[in-house]
Number of protein chains: 2
Amino acid sequence: METARRAPVLDFRHLRYFLAAAEHGSFRKAAVAIGVRESSISRRIRDLEDQLGASLFQRHNGGVRLTFAGQRFRRRAEEVLQHMRDSAQDVGAIGRAEIGRIGVGVPPSVAAGFLAELFRTYDQHHGGVHIDFQESETTAHAASVARLDLDVAFVAGQRQWPGCEVTSLWTERLFVRCQNIIASPTDPNWTLLTAECFLIRRAATSSEAVDALVRRLTDAGHGIRLQPQGVGHDSLLTLVAMERGLALVCEAAASIPFPGIVYRPIVGEALSFCALWSAKNGNPAMRRLLRMARSLAHCSRSP
Amino acid sequence: METARRAPVLDFRHLRYFLAAAEHGSFRKAAVAIGVRESSISRRIRDLEDQLGASLFQRHNGGVRLTFAGQRFRRRAEEVLQHMRDSAQDVGAIGRAEIGRIGVGVPPSVAAGFLAELFRTYDQHHGGVHIDFQESETTAHAASVARLDLDVAFVAGQRQWPGCEVTSLWTERLFVRCQNIIASPTDPNWTLLTAECFLIRRAATSSEAVDALVRRLTDAGHGIRLQPQGVGHDSLLTLVAMERGLALVCEAAASIPFPGIVYRPIVGEALSFCALWSAKNGNPAMRRLLRMARSLAHCSRSP
DNA sequence: CCCAATTACGCAGTGCGTAATCATC
DNA sequence: GATGATTACGCACTGCGTAATTGGG
């Protein structure tokens with residue numbers, strides 16, 4: 001058995017050299033154009049011809065000319081190379097976060113406040129990135145982030161979550177959402193609060209905000225009546241308007257007006273929000289969003 | 001200035017490795033599938049990611065998973081690789097003379113005889129090859145072959161031509177094409193022939209066949225009247241039917257019947273044909289035609 | 001401790017440049 | 001002799017395999 005010289009692996013350079021030679025009609029000129037010696041062109045094209053099983057050039061004195069096979073291969077090679085360049089361009093754009101996709105976990109209300117501002121700004125600068133919002137509770141968010149099902153989640157509270165990095169971002173005051181017939185002390189009337197019952201979403205029974213309020217009231221010697229409801233955030237608002245109780249909301253949600261509803265701040269009570277993300281997640285669009293969030297948090301905090 | 005490690009040139013292997021890893025969801029499995037070590041896969045994909053400027057896989061314990069960029073690049077890579085394979089296939093088919101193009105120079109009549117048989121057989125076996133016929137005189141054919149404008153030319157005579165290889169193929173008897181009123185001696189009546197005038201195409205004044213006949217007649221002490229006409233081969237036939245003279249044809253043309261026309265062989269006079277081609281011409285379809293021609297000549301000669 | 005990916009290291013193979021050679025005008 | 005492609009040779013470098021390392025259940 002003959003030890004057939006192992007076929008050289010086809011390289012994109014083969015195509016580049018070939019196209020240059022085809023364009024210039026001369027190995028020499030092609031070599032100058034590419035910045036390489038003629039011998040390289042010659043050998044690479046010989047490799048290419050060997051591998052393809054057809055000669056691509058007719059060599060005559062004064063240069064080379066494409067054979068029939070060469071003419072045919074030229075188009076193909078151009079297409080392949082162009083396609084490859086496009087692909088690299090495409091993927092590179094993802095790498096530079098010019099396009100892409102982010103899965104983002106958000107708390108119930110993103111219509112106003114820090115997050116609304118963040119995503120508005122982000123969209124302005126990275127319109128090509130599709131943002132997939134996922135509304136859920138903190139625990140589920142943390143798990144998704146750790147599993148890389150979500151790229152980043154914005155949640156209330158500062159606690160650690162396994163497999164998640166935590167980046168503190170901003171703080172919001174807590175508000176009581178109530179009917180507008182209730183008196184409006186600057187400092188909330190605790191007695192009044194305890195008389196009413198608090199409507200909370202069943203899924204958020206152990207949320208940071210509720211925990212904080214309960215702690216605060218019990219520390220002050222007051223009781224509190226919680227009334228979990230299996231409804232969404234929007235419906236809670238309606239329930240309040242129906243005089244079925246009060247609702248606890250953060251500052252972002254308090255900026256949204258609704259007929260028959262007013263918001264009263266709970267002085268001294270605040271809720272801090274942070275971003276959860278995974279160190280293993282290299283999604284450049286996510287990292288840029290995170291950077292932007294930090295920058296935004298810094299801006300709005302320092303003044 | 002930092003000595004930035006020169007970027008590794010993208011290779012089709014990069015794509016193959018990447019696709020294998022994407023398919024198997026594991027560098028390890030991809031490595032076995034391809035028949036290479038994991039480290040190779042790992043490094044090559046890292047190169048690819050560096051070059052593209054985006055990470056393609058999320059590494060988690062138990063394997064890898066495509067990122068958004070990776071998913072996108074996967075389609076592209078498949079297309080590029082497939083396109084490249086198709087191209088190689090295509091060009092390879094040309095190399096194996098399954099498809100292609102041949103420029104063939106032919107004498108005025110190819111409707112019958114050796115060439116007709118040759119092309120009929122060739123078409124049967126290589127239907128994908130397009131044959132470009134070019135009808136011209138020997139000198140022009142030889143020049144075209146040397147310039148590689150023609151791949152091969154079949155011409156009468158055996159003489160050498162610059163830049164051409166010569167391959168003797170077959171021999172044909174010469175015939176006189178005449179009106180059917182002329183007597184039909186087995187051996188042509190030389191007196192009769194000299195009495196008539198020979199119609200020849202002006203372009204073929206110095207053709208091998210005419211030269212041979214003139215030589216023969218003058219050697220035998222006879223004169224000959226040549227009457228060049230600026231018409232094509234077909235028209236000559238009509239002129240003979242109009243009793244304007246005789247015409248000299250080779251055996252192939254003599255097998256085509258025409259009303260009012262008969263052919264008489266010139267005993268002892270024969271014309272040999274050969275193929276002209278260039279040693280520099282690697283056109284595989286041409287070389288296969290040539291091989292087939294030799295084989296055919298051998299077959300029809302030996303019995 | 002296992003699985004899977006990554007990194008360190010040494011060796012073989014490949015590609016390039018230099019330079020000589022061939023071929024044609 | 002000039003131009004242009006091909007070939008011989010030596011060197012640097014890349015890429016692979018082996019094996020050690022990291023990292024997460």
# chains A, B, ... in the order shown; residues from 1 in each chain; ligands from 1

call {"tool": "interface_residues", "arguments": {"of": "chain D", "to": "chain A", "cutoff": "8 Å", "atoms": "only C-alpha atoms (C1' of nucleotides)", "output": "MDAnalysis selection string"}}
result
chainID D and resid 3:6

call {"tool": "interface_residues", "arguments": {"of": "chain A", "to": "chain B", "cutoff": "10 Å", "atoms": "only C-alpha atoms", "output": "ChimeraX atom specification"}}
result
/A:9-14,48-60,67-77,79-97,99-102,147-148,280-284

call {"tool": "closest_atom_pairs", "arguments": {"of": "chain C", "to": "chain B", "cutoff": "8 Å", "atoms": "only C-alpha atoms (C1' of nucleotides)", "output": "Markdown table"}}
result
| residue | atom | partner | partner_atom | distance |
| --- | --- | --- | --- | --- |
| C:DC3 | C1' | B:Gly62 | CA | 6.9 |
| C:DA4 | C1' | B:Gly62 | CA | 5.9 |
| C:DA5 | C1' | B:Ser42 | CA | 7.4 |
| C:DT6 | C1' | B:Ser42 | CA | 7.5 |

call {"tool": "select_by_dssp", "arguments": {"residues": "stretch 20-104 of chain B", "states": "strand (DSSP E)", "output": "list in words"}}
result
Phe57, Gln58, Arg59, His60, Gly63, Val64, Arg65, Leu66, Ile99, Gly100, Arg101, Ile102, Gly103 and Val104 of chain B

call {"tool": "residues_around", "arguments": {"residues": "stretch 11-18 of chain D", "least_positions_apart": "4", "cutoff": "12 Å", "atoms": "only C-alpha atoms (C1' of nucleotides)", "output": "ChimeraX atom specification"}}
result
/B:5-9,11,13,35-41,43-44,47 /C:8-18

call {"tool": "atom_distance", "arguments": {"atom1": "atom CA of A:Arg202", "atom2": "atom CA of A:Thr238"}}
result
15.8 Å

call {"tool": "select_by_dssp", "arguments": {"residues": "stretch 129-250 of chain B", "states": "helix (DSSP H, G or I)", "output": "ChimeraX atom specification"}}
result
/B:138-146,190-195,202-204,208-219,233-241

call {"tool": "atom_distance", "arguments": {"atom1": "atom CA of A:Arg65", "atom2": "atom CA of A:Ala22"}}
result
7.2 Å

call {"tool": "atom_distance", "arguments": {"atom1": "atom CA of A:Gly163", "atom2": "atom CA of A:Ala146"}}
result
4.9 Å

call {"tool": "residues_around", "arguments": {"residues": "stretch 262-274 of chain B", "least_positions_apart": "5", "cutoff": "7 Å", "atoms": "only C-alpha atoms (C1' of nucleotides)", "output": "ChimeraX atom specification"}}
result
/B:154-158,166-180,187-188,209,254

call {"tool": "write_last_selection", "arguments": {"atoms": "N, CA and C atoms", "output": "PDB file, in the first residue's frame"}}
result
ATOM      1  N   PHE B 154     -10.138  17.725 -34.729  1.00  0.00           N
ATOM      2  CA  PHE B 154      -9.942  16.567 -35.608  1.00  0.00           C
ATOM      3  C   PHE B 154      -9.731  17.092 -37.013  1.00  0.00           C
ATOM      4  N   VAL B 155      -8.570  16.753 -37.545  1.00  0.00           N
ATOM      5  CA  VAL B 155      -8.219  17.305 -38.854  1.00  0.00           C
ATOM      6  C   VAL B 155      -7.632  16.216 -39.743  1.00  0.00           C
ATOM      7  N   ALA B 156      -7.639  16.487 -41.040  1.00  0.00           N
ATOM      8  CA  ALA B 156      -7.041  15.562 -42.001  1.00  0.00           C
ATOM      9  C   ALA B 156      -5.543  15.823 -42.073  1.00  0.00           C
ATOM     10  N   GLY B 157      -4.806  14.789 -42.342  1.00  0.00           N
ATOM     11  CA  GLY B 157      -3.359  14.941 -42.478  1.00  0.00           C
ATOM     12  C   GLY B 157      -2.645  14.613 -41.182  1.00  0.00           C
ATOM     13  N   GLN B 158      -1.348  14.432 -41.311  1.00  0.00           N
ATOM     14  CA  GLN B 158      -0.583  13.970 -40.151  1.00  0.00           C
ATOM     15  C   GLN B 158       0.491  14.961 -39.728  1.00  0.00           C
ATOM     16  N   VAL B 166      -0.157  15.417 -31.634  1.00  0.00           N
ATOM     17  CA  VAL B 166      -0.893  14.789 -32.729  1.00  0.00           C
ATOM     18  C   VAL B 166      -1.163  13.332 -32.390  1.00  0.00           C
ATOM     19  N   THR B 167      -2.396  12.933 -32.536  1.00  0.00           N
ATOM     20  CA  THR B 167      -2.764  11.544 -32.287  1.00  0.00           C
ATOM     21  C   THR B 167      -3.486  10.996 -33.523  1.00  0.00           C
ATOM     22  N   SER B 168      -2.816  10.091 -34.240  1.00  0.00           N
ATOM     23  CA  SER B 168      -3.436   9.506 -35.424  1.00  0.00           C
ATOM     24  C   SER B 168      -4.618   8.644 -35.020  1.00  0.00           C
ATOM     25  N   LEU B 169      -5.682   8.735 -35.807  1.00  0.00           N
ATOM     26  CA  LEU B 169      -6.878   8.025 -35.388  1.00  0.00           C
ATOM     27  C   LEU B 169      -7.442   7.095 -36.464  1.00  0.00           C
ATOM     28  N   TRP B 170      -7.860   7.635 -37.570  1.00  0.00           N
ATOM     29  CA  TRP B 170      -8.503   6.770 -38.541  1.00  0.00           C
ATOM     30  C   TRP B 170      -8.210   7.237 -39.973  1.00  0.00           C
ATOM     31  N   THR B 171      -8.542   6.398 -40.901  1.00  0.00           N
ATOM     32  CA  THR B 171      -8.279   6.688 -42.311  1.00  0.00           C
ATOM     33  C   THR B 171      -9.567   6.520 -43.108  1.00  0.00           C
ATOM     34  N   GLU B 172      -9.748   7.382 -44.060  1.00  0.00           N
ATOM     35  CA  GLU B 172     -10.929   7.279 -44.916  1.00  0.00           C
ATOM     36  C   GLU B 172     -10.507   7.270 -46.375  1.00  0.00           C
ATOM     37  N   ARG B 173     -11.255   6.511 -47.151  1.00  0.00           N
ATOM     38  CA  ARG B 173     -11.011   6.569 -48.590  1.00  0.00           C
ATOM     39  C   ARG B 173     -11.581   7.866 -49.130  1.00  0.00           C
ATOM     40  N   LEU B 174     -11.048   8.267 -50.299  1.00  0.00           N
ATOM     41  CA  LEU B 174     -11.578   9.469 -50.942  1.00  0.00           C
ATOM     42  C   LEU B 174     -12.640   9.068 -51.958  1.00  0.00           C
ATOM     43  N   PHE B 175     -13.611   9.900 -52.091  1.00  0.00           N
ATOM     44  CA  PHE B 175     -14.694   9.652 -53.047  1.00  0.00           C
ATOM     45  C   PHE B 175     -14.853  10.848 -53.969  1.00  0.00           C
ATOM     46  N   VAL B 176     -15.366  10.533 -55.125  1.00  0.00           N
ATOM     47  CA  VAL B 176     -15.768  11.615 -56.015  1.00  0.00           C
ATOM     48  C   VAL B 176     -17.285  11.699 -55.960  1.00  0.00           C
ATOM     49  N   ARG B 177     -17.727  12.870 -55.735  1.00  0.00           N
ATOM     50  CA  ARG B 177     -19.168  13.065 -55.706  1.00  0.00           C
ATOM     51  C   ARG B 177     -19.569  13.594 -57.093  1.00  0.00           C
ATOM     52  N   CYS B 178     -20.462  12.874 -57.735  1.00  0.00           N
ATOM     53  CA  CYS B 178     -20.791  13.269 -59.100  1.00  0.00           C
ATOM     54  C   CYS B 178     -22.260  12.988 -59.405  1.00  0.00           C
ATOM     55  N   GLN B 179     -22.681  13.486 -60.576  1.00  0.00           N
ATOM     56  CA  GLN B 179     -24.044  13.205 -61.010  1.00  0.00           C
ATOM     57  C   GLN B 179     -24.185  11.723 -61.321  1.00  0.00           C
ATOM     58  N   ASN B 180     -25.380  11.215 -61.151  1.00  0.00           N
ATOM     59  CA  ASN B 180     -25.538   9.783 -61.380  1.00  0.00           C
ATOM     60  C   ASN B 180     -25.555   9.405 -62.854  1.00  0.00           C
ATOM     61  N   ASP B 187     -12.774   1.356 -61.031  1.00  0.00           N
ATOM     62  CA  ASP B 187     -11.612   2.230 -60.998  1.00  0.00           C
ATOM     63  C   ASP B 187     -12.004   3.507 -61.737  1.00  0.00           C
ATOM     64  N   PRO B 188     -11.807   4.661 -61.115  1.00  0.00           N
ATOM     65  CA  PRO B 188     -12.314   5.869 -61.750  1.00  0.00           C
ATOM     66  C   PRO B 188     -11.645   6.119 -63.098  1.00  0.00           C
ATOM     67  N   ALA B 209      -6.852  16.762 -48.745  1.00  0.00           N
ATOM     68  CA  ALA B 209      -7.518  15.891 -49.726  1.00  0.00           C
ATOM     69  C   ALA B 209      -7.240  16.369 -51.152  1.00  0.00           C
ATOM     70  N   ALA B 254     -19.415  10.688 -47.909  1.00  0.00           N
ATOM     71  CA  ALA B 254     -19.953   9.896 -49.003  1.00  0.00           C
ATOM     72  C   ALA B 254     -21.084   8.986 -48.554  1.00  0.00           C
TER      73      ALA B 254
END

call {"tool": "decode", "arguments": {"residues": "stretch 4-148 of chain A", "atoms": "C-alpha atoms", "output": "mmCIF file, in the first residue's frame"}}
result
data_model
loop_
_atom_site.group_PDB
_atom_site.id
_atom_site.type_symbol
_atom_site.label_atom_id
_atom_site.label_comp_id
_atom_site.auth_asym_id
_atom_site.auth_seq_id
_atom_site.Cartn_x
_atom_site.Cartn_y
_atom_site.Cartn_z
ATOM 1 C CA ALA A 4 -0.515 8.530 0.078
ATOM 2 C CA ARG A 5 0.523 11.931 1.354
ATOM 3 C CA ARG A 6 -2.307 12.942 3.627
ATOM 4 C CA ALA A 7 -4.608 15.400 1.987
ATOM 5 C CA PRO A 8 -4.100 18.897 3.330
ATOM 6 C CA VAL A 9 -7.154 20.177 5.105
ATOM 7 C CA LEU A 10 -9.053 22.799 3.211
ATOM 8 C CA ASP A 11 -8.642 26.213 4.627
ATOM 9 C CA PHE A 12 -10.439 29.450 3.972
ATOM 10 C CA ARG A 13 -7.072 30.693 2.790
ATOM 11 C CA HIS A 14 -7.273 28.241 -0.062
ATOM 12 C CA LEU A 15 -10.364 30.024 -1.237
ATOM 13 C CA ARG A 16 -8.910 33.475 -0.708
ATOM 14 C CA TYR A 17 -5.764 32.614 -2.641
ATOM 15 C CA PHE A 18 -7.761 31.006 -5.383
ATOM 16 C CA LEU A 19 -10.070 33.988 -5.748
ATOM 17 C CA ALA A 20 -7.175 36.405 -5.761
ATOM 18 C CA ALA A 21 -5.437 34.398 -8.466
ATOM 19 C CA ALA A 22 -8.643 34.195 -10.472
ATOM 20 C CA GLU A 23 -9.169 37.905 -10.146
ATOM 21 C CA HIS A 24 -5.657 38.918 -11.115
ATOM 22 C CA GLY A 25 -5.102 36.199 -13.673
ATOM 23 C CA SER A 26 -1.651 35.702 -12.229
ATOM 24 C CA PHE A 27 -0.218 33.950 -9.221
ATOM 25 C CA ARG A 28 2.379 36.626 -8.932
ATOM 26 C CA LYS A 29 -0.038 39.528 -8.773
ATOM 27 C CA ALA A 30 -2.278 37.592 -6.440
ATOM 28 C CA ALA A 31 0.698 37.002 -4.173
ATOM 29 C CA VAL A 32 1.495 40.705 -4.057
ATOM 30 C CA ALA A 33 -2.121 41.572 -3.449
ATOM 31 C CA ILE A 34 -2.386 39.188 -0.537
ATOM 32 C CA GLY A 35 1.080 39.908 0.750
ATOM 33 C CA VAL A 36 2.623 36.491 0.359
ATOM 34 C CA ARG A 37 5.052 34.724 -1.964
ATOM 35 C CA GLU A 38 4.103 33.205 -5.302
ATOM 36 C CA SER A 39 5.205 29.826 -4.125
ATOM 37 C CA SER A 40 2.531 29.856 -1.464
ATOM 38 C CA ILE A 41 -0.154 30.644 -3.970
ATOM 39 C CA SER A 42 1.116 27.990 -6.306
ATOM 40 C CA ARG A 43 1.220 25.247 -3.696
ATOM 41 C CA ARG A 44 -2.079 26.109 -2.124
ATOM 42 C CA ILE A 45 -3.835 26.063 -5.435
ATOM 43 C CA ARG A 46 -2.211 22.778 -6.263
ATOM 44 C CA ASP A 47 -3.536 21.422 -2.989
ATOM 45 C CA LEU A 48 -6.948 22.751 -3.820
ATOM 46 C CA GLU A 49 -6.878 21.163 -7.253
ATOM 47 C CA ASP A 50 -5.719 17.855 -5.813
ATOM 48 C CA GLN A 51 -8.440 17.885 -3.231
ATOM 49 C CA LEU A 52 -11.158 18.844 -5.669
ATOM 50 C CA GLY A 53 -9.945 16.448 -8.327
ATOM 51 C CA ALA A 54 -9.962 18.987 -11.106
ATOM 52 C CA SER A 55 -7.530 21.568 -12.348
ATOM 53 C CA LEU A 56 -8.737 25.093 -11.841
ATOM 54 C CA PHE A 57 -6.244 27.045 -13.890
ATOM 55 C CA GLN A 58 -4.640 26.702 -17.261
ATOM 56 C CA ARG A 59 -1.074 27.834 -16.808
ATOM 57 C CA HIS A 60 0.292 29.717 -19.758
ATOM 58 C CA ASN A 61 3.252 31.988 -19.941
ATOM 59 C CA GLY A 62 2.256 35.393 -18.658
ATOM 60 C CA GLY A 63 -0.173 34.126 -16.092
ATOM 61 C CA VAL A 64 -2.996 31.738 -15.551
ATOM 62 C CA ARG A 65 -6.544 31.450 -16.797
ATOM 63 C CA LEU A 66 -9.495 29.739 -15.225
ATOM 64 C CA THR A 67 -10.528 26.415 -16.650
ATOM 65 C CA PHE A 68 -14.173 25.529 -16.973
ATOM 66 C CA ALA A 69 -14.024 23.881 -13.582
ATOM 67 C CA GLY A 70 -12.254 26.935 -12.238
ATOM 68 C CA GLN A 71 -14.920 29.294 -13.504
ATOM 69 C CA ARG A 72 -17.545 27.218 -11.848
ATOM 70 C CA PHE A 73 -15.687 26.932 -8.611
ATOM 71 C CA ARG A 74 -15.058 30.646 -8.543
ATOM 72 C CA ARG A 75 -18.706 31.501 -8.001
ATOM 73 C CA ARG A 76 -19.053 28.861 -5.370
ATOM 74 C CA ALA A 77 -15.961 29.986 -3.539
ATOM 75 C CA GLU A 78 -17.131 33.580 -3.553
ATOM 76 C CA GLU A 79 -20.465 32.559 -2.140
ATOM 77 C CA VAL A 80 -18.934 30.389 0.540
ATOM 78 C CA LEU A 81 -16.514 33.066 1.615
ATOM 79 C CA GLN A 82 -19.161 35.761 1.614
ATOM 80 C CA HIS A 83 -21.498 33.554 3.574
ATOM 81 C CA MET A 84 -18.793 32.875 6.089
ATOM 82 C CA ARG A 85 -18.025 36.558 6.409
ATOM 83 C CA ASP A 86 -21.687 37.335 6.916
ATOM 84 C CA SER A 87 -21.922 34.691 9.580
ATOM 85 C CA ALA A 88 -18.935 36.047 11.415
ATOM 86 C CA GLN A 89 -20.372 39.520 11.123
ATOM 87 C CA ASP A 90 -23.682 38.317 12.442
ATOM 88 C CA VAL A 91 -22.235 36.474 15.391
ATOM 89 C CA GLY A 92 -19.789 39.267 16.041
ATOM 90 C CA ALA A 93 -22.719 41.637 16.321
ATOM 91 C CA ILE A 94 -24.141 39.386 18.985
ATOM 92 C CA GLY A 95 -20.781 39.417 20.707
ATOM 93 C CA ARG A 96 -20.764 43.186 20.672
ATOM 94 C CA ALA A 97 -24.320 43.172 22.029
ATOM 95 C CA GLU A 98 -25.558 44.932 18.921
ATOM 96 C CA ILE A 99 -28.101 42.224 18.483
ATOM 97 C CA GLY A 100 -29.079 39.373 20.719
ATOM 98 C CA ARG A 101 -31.587 38.216 23.246
ATOM 99 C CA ILE A 102 -31.840 38.580 26.987
ATOM 100 C CA GLY A 103 -34.174 36.701 29.250
ATOM 101 C CA VAL A 104 -35.008 39.091 32.086
ATOM 102 C CA GLY A 105 -36.851 38.266 35.266
ATOM 103 C CA VAL A 106 -38.828 41.191 36.614
ATOM 104 C CA PRO A 107 -40.997 41.890 39.627
ATOM 105 C CA PRO A 108 -44.696 42.408 39.028
ATOM 106 C CA SER A 109 -44.511 46.033 38.029
ATOM 107 C CA VAL A 110 -42.006 47.401 35.571
ATOM 108 C CA ALA A 111 -44.179 50.113 34.133
ATOM 109 C CA ALA A 112 -42.422 52.908 35.967
ATOM 110 C CA GLY A 113 -39.399 53.704 38.066
ATOM 111 C CA PHE A 114 -35.868 52.432 37.776
ATOM 112 C CA LEU A 115 -36.558 49.428 35.545
ATOM 113 C CA ALA A 116 -38.727 51.378 33.162
ATOM 114 C CA GLU A 117 -35.961 53.938 32.803
ATOM 115 C CA LEU A 118 -33.331 51.231 32.429
ATOM 116 C CA PHE A 119 -35.087 49.382 29.637
ATOM 117 C CA ARG A 120 -36.015 52.591 27.869
ATOM 118 C CA THR A 121 -32.373 53.633 27.796
ATOM 119 C CA TYR A 122 -31.195 50.170 26.868
ATOM 120 C CA ASP A 123 -33.595 49.972 23.968
ATOM 121 C CA GLN A 124 -32.366 53.304 22.720
ATOM 122 C CA HIS A 125 -28.783 52.087 22.586
ATOM 123 C CA HIS A 126 -29.292 48.422 21.740
ATOM 124 C CA GLY A 127 -32.421 48.276 19.662
ATOM 125 C CA GLY A 128 -31.296 45.025 18.106
ATOM 126 C CA VAL A 129 -31.494 43.125 21.353
ATOM 127 C CA HIS A 130 -34.728 41.324 22.003
ATOM 128 C CA ILE A 131 -35.707 41.368 25.657
ATOM 129 C CA ASP A 132 -37.754 38.477 26.940
ATOM 130 C CA PHE A 133 -39.539 39.507 30.109
ATOM 131 C CA GLN A 134 -40.514 36.922 32.633
ATOM 132 C CA GLU A 135 -42.651 37.936 35.584
ATOM 133 C CA SER A 136 -42.336 35.678 38.582
ATOM 134 C CA GLU A 137 -41.403 35.574 42.224
ATOM 135 C CA THR A 138 -37.914 35.936 43.555
ATOM 136 C CA THR A 139 -37.284 32.275 44.332
ATOM 137 C CA ALA A 140 -38.275 31.127 40.866
ATOM 138 C CA HIS A 141 -36.183 33.889 39.342
ATOM 139 C CA ALA A 142 -33.123 32.899 41.301
ATOM 140 C CA ALA A 143 -33.469 29.281 40.232
ATOM 141 C CA SER A 144 -33.907 30.255 36.589
ATOM 142 C CA VAL A 145 -30.852 32.463 36.718
ATOM 143 C CA ALA A 146 -28.772 29.675 38.233
ATOM 144 C CA ARG A 147 -29.981 27.289 35.521
ATOM 145 C CA LEU A 148 -29.212 29.970 32.922
#
